[in-house]
Amino acid sequence: MPRVKRGVAAHQRHKKVLALTKGHRASKHKLYRRAHESMLKSLSYAYAHRRERKGDMRRLWISRVSAASRANGLTYSQFMNGLKNTEIELNRKVLADIAVREPEVFAHLVTTVKGS
């Protein structure tokens, strides 16, 4: 059976890990073993936080809609309930965008909700 030398493959793998950890502090971007640990941790954080970001964005939209509806004389829950009752189907992302970019349109939505 012929001898297999693996130096090239290992070197490539090490280079890949060290490239992924570029910018990490101290030995975490210089030493392979520390870099590998740091890479695994950072990739798991990235995976988890991609999912966490969805909730962060929803909280941001809710706070924007809440602030805009309070400025127009309704609480967030009253406004959302009114939208549901008048069968206006706009999601929180769109409502937050309207509240920030077109306050007069949002004010019209609030008056529509108040009227029902």
# chains A, B, ... in the order shown; residues from 1 in each chain; ligands from 1
>>> select_by_dssp(residues="segment 9-111 of chain A", states="helix (DSSP H, G or I)", output="ChimeraX atom specification")
/A:9-20,26-29,32-71,76-85,92-101,103-111
>>> residues_around(residues="Asn85 of chain A", least_positions_apart="2", cutoff="12 Å", atoms="only C-alpha atoms", output="MDAnalysis selection string")
chainID A and resid 78:83 87:89 112:116
>>> write_last_selection(atoms="N, CA and C atoms", output="PDB file, in the first residue's frame")
ATOM      1  N   GLN A  78     -55.059  49.084  21.046  1.00  0.00           N
ATOM      2  CA  GLN A  78     -56.319  49.603  20.489  1.00  0.00           C
ATOM      3  C   GLN A  78     -56.209  49.736  18.980  1.00  0.00           C
ATOM      4  N   PHE A  79     -55.059  50.234  18.522  1.00  0.00           N
ATOM      5  CA  PHE A  79     -54.848  50.422  17.085  1.00  0.00           C
ATOM      6  C   PHE A  79     -54.863  49.089  16.346  1.00  0.00           C
ATOM      7  N   MET A  80     -54.135  48.110  16.870  1.00  0.00           N
ATOM      8  CA  MET A  80     -54.073  46.800  16.203  1.00  0.00           C
ATOM      9  C   MET A  80     -55.433  46.111  16.225  1.00  0.00           C
ATOM     10  N   ASN A  81     -56.152  46.234  17.328  1.00  0.00           N
ATOM     11  CA  ASN A  81     -57.489  45.652  17.418  1.00  0.00           C
ATOM     12  C   ASN A  81     -58.429  46.334  16.418  1.00  0.00           C
ATOM     13  N   GLY A  82     -58.308  47.646  16.303  1.00  0.00           N
ATOM     14  CA  GLY A  82     -59.128  48.388  15.346  1.00  0.00           C
ATOM     15  C   GLY A  82     -58.837  47.976  13.914  1.00  0.00           C
ATOM     16  N   LEU A  83     -57.562  47.762  13.598  1.00  0.00           N
ATOM     17  CA  LEU A  83     -57.197  47.297  12.249  1.00  0.00           C
ATOM     18  C   LEU A  83     -57.829  45.949  11.960  1.00  0.00           C
ATOM     19  N   GLU A  87     -60.845  45.039   9.241  1.00  0.00           N
ATOM     20  CA  GLU A  87     -60.331  44.108   8.230  1.00  0.00           C
ATOM     21  C   GLU A  87     -59.275  44.742   7.312  1.00  0.00           C
ATOM     22  N   ILE A  88     -58.433  45.590   7.918  1.00  0.00           N
ATOM     23  CA  ILE A  88     -57.268  46.126   7.201  1.00  0.00           C
ATOM     24  C   ILE A  88     -56.113  45.195   7.515  1.00  0.00           C
ATOM     25  N   GLU A  89     -55.640  44.484   6.511  1.00  0.00           N
ATOM     26  CA  GLU A  89     -54.600  43.481   6.738  1.00  0.00           C
ATOM     27  C   GLU A  89     -53.236  44.012   6.324  1.00  0.00           C
ATOM     28  N   THR A 112     -59.285  56.153  10.503  1.00  0.00           N
ATOM     29  CA  THR A 112     -60.152  55.094   9.997  1.00  0.00           C
ATOM     30  C   THR A 112     -60.475  54.104  11.112  1.00  0.00           C
ATOM     31  N   VAL A 113     -59.460  53.759  11.889  1.00  0.00           N
ATOM     32  CA  VAL A 113     -59.639  52.817  13.000  1.00  0.00           C
ATOM     33  C   VAL A 113     -60.532  53.432  14.076  1.00  0.00           C
ATOM     34  N   LYS A 114     -60.325  54.720  14.380  1.00  0.00           N
ATOM     35  CA  LYS A 114     -61.127  55.407  15.406  1.00  0.00           C
ATOM     36  C   LYS A 114     -62.589  55.474  14.980  1.00  0.00           C
ATOM     37  N   GLY A 115     -62.829  55.676  13.669  1.00  0.00           N
ATOM     38  CA  GLY A 115     -64.189  55.819  13.164  1.00  0.00           C
ATOM     39  C   GLY A 115     -65.022  54.557  13.253  1.00  0.00           C
ATOM     40  N   SER A 116     -64.353  53.414  13.272  1.00  0.00           N
ATOM     41  CA  SER A 116     -65.103  52.141  13.283  1.00  0.00           C
ATOM     42  C   SER A 116     -65.621  51.776  14.643  1.00  0.00           C
TER      43      SER A 116
END
>>> residues_around(residues="Leu18 of chain A", least_positions_apart="3", cutoff="10 Å", atoms="only C-alpha atoms", output="list in words")
Gln12, Arg13, His14, Lys15, Thr21, Lys22, Gly23, His24, Lys28, His29, Lys30, Leu31, Tyr32, Arg33, Arg34, Ala35, His36, Ser38 and Met39 of chain A
